[in-house]
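Take a look at the structure set out below.
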Amino acid sequence: MNEGHSSFLAVEWVRRLMEKQKLSLAEAREVASAGLIFTTHTPVPAGHDYFPPALLDRYLGHYIRLLGLSPEEFLRVGTPVPGAAK
């Protein structure tokens with residue numbers, strides 16, 4: 001995957017793993033992570049996609065519920081951790 005919008009493919013991959021292989025969210029994330037490669041050609045904040053929570057809920061709310069997450073939990077998955085390596 002390259003750049004931001006394609007990263008939403010990972011959400012669908014995790015959901016499918018949960019559905020088809022009956023994995024937990026944690027298990028599906030681990031399996032999906034082993035097969036994901038994400039690249040970026042704009043590694044600066046101005047090159048990142050940011051979406052308002054309401055917009056994410058509008059278009060991904062269905063997936064959020066299928067993953068068993070609250071909207072707040074889903075948002076924390078993609079929130080940078082202060083002090084983490086970049």
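Residue numbers start at 1 in each chain; chains themselves are named A, B, ... in the order of the structure tokens; ligands are numbered from 1 in the order shown.
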
Next on the checklist: So that I can check the surroundings of stretch 29-31 of chain A, please list as a ChimeraX atom specification every protein, DNA and RNA residue that reaches within 9 Å of it, counting only C-alpha atoms and ignoring chain neighbours fewer than 3 positions away.
Outcome noted: /A:10-11,13-14,17,24-26,34-35

Residues as selected, N, CA, C and O atoms, written as a PDB file, in the first residue's frame, can you do that?
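So part17.pdb came out as:
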```
ATOM      1  N   ALA A  10      -6.400  -2.096   4.927  1.00  0.00           N
ATOM      2  CA  ALA A  10      -6.017  -2.908   6.084  1.00  0.00           C
ATOM      3  C   ALA A  10      -7.212  -3.159   6.992  1.00  0.00           C
ATOM      4  O   ALA A  10      -7.345  -4.250   7.563  1.00  0.00           O
ATOM      5  N   VAL A  11      -8.082  -2.179   7.126  1.00  0.00           N
ATOM      6  CA  VAL A  11      -9.275  -2.341   7.957  1.00  0.00           C
ATOM      7  C   VAL A  11     -10.144  -3.456   7.393  1.00  0.00           C
ATOM      8  O   VAL A  11     -10.616  -4.332   8.123  1.00  0.00           O
ATOM      9  N   TRP A  13      -9.159  -5.898   5.414  1.00  0.00           N
ATOM     10  CA  TRP A  13      -8.451  -7.164   5.524  1.00  0.00           C
ATOM     11  C   TRP A  13      -8.631  -7.762   6.923  1.00  0.00           C
ATOM     12  O   TRP A  13      -8.914  -8.941   7.079  1.00  0.00           O
ATOM     13  N   VAL A  14      -8.491  -6.935   7.936  1.00  0.00           N
ATOM     14  CA  VAL A  14      -8.684  -7.391   9.309  1.00  0.00           C
ATOM     15  C   VAL A  14     -10.112  -7.901   9.495  1.00  0.00           C
ATOM     16  O   VAL A  14     -10.348  -8.971  10.063  1.00  0.00           O
ATOM     17  N   LEU A  17     -10.528 -11.285   7.842  1.00  0.00           N
ATOM     18  CA  LEU A  17      -9.869 -12.333   8.630  1.00  0.00           C
ATOM     19  C   LEU A  17     -10.719 -12.726   9.834  1.00  0.00           C
ATOM     20  O   LEU A  17     -10.845 -13.907  10.168  1.00  0.00           O
ATOM     21  N   SER A  24     -10.002 -13.340  16.498  1.00  0.00           N
ATOM     22  CA  SER A  24     -10.291 -12.160  17.310  1.00  0.00           C
ATOM     23  C   SER A  24      -9.678 -10.945  16.611  1.00  0.00           C
ATOM     24  O   SER A  24      -8.857 -11.097  15.697  1.00  0.00           O
ATOM     25  N   LEU A  25     -10.044  -9.774  17.067  1.00  0.00           N
ATOM     26  CA  LEU A  25      -9.466  -8.557  16.495  1.00  0.00           C
ATOM     27  C   LEU A  25      -7.948  -8.568  16.640  1.00  0.00           C
ATOM     28  O   LEU A  25      -7.220  -8.295  15.691  1.00  0.00           O
ATOM     29  N   ALA A  26      -7.458  -8.912  17.826  1.00  0.00           N
ATOM     30  CA  ALA A  26      -6.002  -8.935  18.062  1.00  0.00           C
ATOM     31  C   ALA A  26      -5.315  -9.935  17.144  1.00  0.00           C
ATOM     32  O   ALA A  26      -4.260  -9.640  16.565  1.00  0.00           O
ATOM     33  N   ALA A  34       1.493  -8.973   9.422  1.00  0.00           N
ATOM     34  CA  ALA A  34       2.602  -9.769   8.879  1.00  0.00           C
ATOM     35  C   ALA A  34       2.651  -9.687   7.354  1.00  0.00           C
ATOM     36  O   ALA A  34       3.706  -9.915   6.762  1.00  0.00           O
ATOM     37  N   GLY A  35       1.536  -9.356   6.725  1.00  0.00           N
ATOM     38  CA  GLY A  35       1.505  -9.315   5.267  1.00  0.00           C
ATOM     39  C   GLY A  35       1.331  -7.932   4.680  1.00  0.00           C
ATOM     40  O   GLY A  35       1.104  -7.805   3.482  1.00  0.00           O
TER      41      GLY A  35
END
```

Item to check | Residue list (alpha helix (DSSP H), DSSP) for chain A, as a VMD selection string | outcome: chain A and resid 8 to 21 25 to 34 53 to 66 71 to 77

Can those selected residues be exported to a file as a short mmCIF file (atom, residue, chain, number, x, y, z; two decimals), in the first residue's frame so that it contains N, CA and C atoms?
```
data_model
loop_
_atom_site.label_atom_id
_atom_site.label_comp_id
_atom_site.auth_asym_id
_atom_site.auth_seq_id
_atom_site.Cartn_x
_atom_site.Cartn_y
_atom_site.Cartn_z
N PHE A 8 -6.85 2.18 4.35
CA PHE A 8 -8.16 1.67 4.74
C PHE A 8 -8.36 0.23 4.28
N LEU A 9 -7.56 -0.21 3.32
CA LEU A 9 -7.61 -1.62 2.90
C LEU A 9 -7.27 -2.54 4.06
N ALA A 10 -6.40 -2.10 4.93
CA ALA A 10 -6.02 -2.91 6.08
C ALA A 10 -7.21 -3.16 6.99
N VAL A 11 -8.08 -2.18 7.13
CA VAL A 11 -9.27 -2.34 7.96
C VAL A 11 -10.14 -3.46 7.39
N GLU A 12 -10.32 -3.45 6.08
CA GLU A 12 -11.14 -4.49 5.45
C GLU A 12 -10.46 -5.85 5.55
N TRP A 13 -9.16 -5.90 5.41
CA TRP A 13 -8.45 -7.16 5.52
C TRP A 13 -8.63 -7.76 6.92
N VAL A 14 -8.49 -6.94 7.94
CA VAL A 14 -8.68 -7.39 9.31
C VAL A 14 -10.11 -7.90 9.49
N ARG A 15 -11.08 -7.16 8.99
CA ARG A 15 -12.48 -7.56 9.13
C ARG A 15 -12.72 -8.92 8.46
N ARG A 16 -12.17 -9.09 7.26
CA ARG A 16 -12.35 -10.36 6.55
C ARG A 16 -11.69 -11.52 7.29
N LEU A 17 -10.53 -11.28 7.84
CA LEU A 17 -9.87 -12.33 8.63
C LEU A 17 -10.72 -12.73 9.83
N MET A 18 -11.31 -11.74 10.47
CA MET A 18 -12.17 -12.01 11.62
C MET A 18 -13.39 -12.84 11.19
N GLU A 19 -13.97 -12.46 10.07
CA GLU A 19 -15.18 -13.12 9.59
C GLU A 19 -14.90 -14.53 9.05
N LYS A 20 -13.94 -14.63 8.16
CA LYS A 20 -13.71 -15.90 7.45
C LYS A 20 -12.91 -16.91 8.25
N GLN A 21 -11.96 -16.43 9.06
CA GLN A 21 -11.14 -17.35 9.84
C GLN A 21 -11.51 -17.37 11.31
N LEU A 25 -10.04 -9.77 17.07
CA LEU A 25 -9.47 -8.56 16.49
C LEU A 25 -7.95 -8.57 16.64
N ALA A 26 -7.46 -8.91 17.83
CA ALA A 26 -6.00 -8.93 18.06
C ALA A 26 -5.31 -9.93 17.14
N GLU A 27 -5.91 -11.12 16.99
CA GLU A 27 -5.32 -12.13 16.11
C GLU A 27 -5.32 -11.67 14.66
N ALA A 28 -6.44 -11.11 14.22
CA ALA A 28 -6.54 -10.64 12.83
C ALA A 28 -5.56 -9.51 12.55
N ARG A 29 -5.39 -8.61 13.50
CA ARG A 29 -4.42 -7.52 13.32
C ARG A 29 -3.01 -8.07 13.18
N GLU A 30 -2.68 -9.08 13.98
CA GLU A 30 -1.35 -9.66 13.91
C GLU A 30 -1.12 -10.36 12.57
N VAL A 31 -2.10 -11.13 12.12
CA VAL A 31 -1.98 -11.83 10.83
C VAL A 31 -1.88 -10.82 9.70
N ALA A 32 -2.74 -9.81 9.70
CA ALA A 32 -2.72 -8.80 8.64
C ALA A 32 -1.40 -8.03 8.65
N SER A 33 -0.92 -7.68 9.82
CA SER A 33 0.33 -6.91 9.92
C SER A 33 1.51 -7.65 9.32
N ALA A 34 1.49 -8.97 9.42
CA ALA A 34 2.60 -9.77 8.88
C ALA A 34 2.65 -9.69 7.35
N PRO A 53 -13.48 12.93 12.83
CA PRO A 53 -14.11 11.71 13.36
C PRO A 53 -15.50 11.44 12.78
N ALA A 54 -16.30 12.47 12.59
CA ALA A 54 -17.65 12.27 12.06
C ALA A 54 -17.61 11.69 10.65
N LEU A 55 -16.63 12.11 9.85
CA LEU A 55 -16.50 11.59 8.48
C LEU A 55 -16.08 10.12 8.50
N LEU A 56 -15.14 9.79 9.38
CA LEU A 56 -14.74 8.39 9.53
C LEU A 56 -15.92 7.53 9.96
N ASP A 57 -16.68 8.02 10.91
CA ASP A 57 -17.83 7.26 11.39
C ASP A 57 -18.87 7.10 10.28
N ARG A 58 -19.06 8.14 9.49
CA ARG A 58 -20.04 8.08 8.39
C ARG A 58 -19.69 6.98 7.40
N TYR A 59 -18.43 6.91 7.02
CA TYR A 59 -18.03 5.96 5.98
C TYR A 59 -17.47 4.64 6.51
N LEU A 60 -16.95 4.63 7.72
CA LEU A 60 -16.38 3.41 8.28
C LEU A 60 -17.11 2.91 9.51
N GLY A 61 -18.19 3.57 9.88
CA GLY A 61 -18.93 3.18 11.08
C GLY A 61 -19.34 1.71 11.05
N HIS A 62 -19.74 1.24 9.89
CA HIS A 62 -20.13 -0.17 9.74
C HIS A 62 -18.96 -1.08 10.09
N TYR A 63 -17.77 -0.75 9.58
CA TYR A 63 -16.58 -1.56 9.87
C TYR A 63 -16.18 -1.46 11.34
N ILE A 64 -16.30 -0.28 11.88
CA ILE A 64 -15.96 -0.09 13.29
C ILE A 64 -16.80 -1.03 14.14
N ARG A 65 -18.09 -1.10 13.85
CA ARG A 65 -18.97 -1.98 14.63
C ARG A 65 -18.64 -3.45 14.37
N LEU A 66 -18.33 -3.81 13.12
CA LEU A 66 -17.97 -5.20 12.81
C LEU A 66 -16.69 -5.63 13.52
N PRO A 71 -16.17 3.98 18.34
CA PRO A 71 -15.50 4.97 17.50
C PRO A 71 -14.23 5.52 18.15
N GLU A 72 -14.24 5.69 19.47
CA GLU A 72 -13.07 6.21 20.17
C GLU A 72 -11.91 5.21 20.11
N GLU A 73 -12.22 3.92 20.29
CA GLU A 73 -11.17 2.90 20.22
C GLU A 73 -10.58 2.83 18.81
N PHE A 74 -11.44 2.94 17.81
CA PHE A 74 -10.97 2.90 16.43
C PHE A 74 -10.04 4.08 16.14
N LEU A 75 -10.40 5.25 16.61
CA LEU A 75 -9.57 6.43 16.39
C LEU A 75 -8.21 6.30 17.07
N ARG A 76 -8.17 5.66 18.22
CA ARG A 76 -6.89 5.48 18.92
C ARG A 76 -5.93 4.58 18.14
N VAL A 77 -6.47 3.67 17.33
CA VAL A 77 -5.61 2.78 16.53
C VAL A 77 -4.72 3.60 15.61
#
```

Checklist entry - Can you tell me how far atom CA of A:Thr79 sits from atom CA of A:Leu36, in Å to one decimal? => result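 Atom-to-atom, atom CA of A:Thr79 and atom CA of A:Leu36 are spaced 18.5 Å apart.
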
Checklist entry - Could you state the separation of atom CA of A:Ile37 and atom CA of A:Ser7 in Å, given to one decimal place? => result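 Those two atoms sit 9.9 Å apart.
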
Next on the checklist: One number please: atom CA of A:Ser6 to atom CA of A:Pro45, in Å, one decimal.
Outcome noted: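 Calculated distance between atom CA of A:Ser6 and atom CA of A:Pro45 is 17.3 Å.
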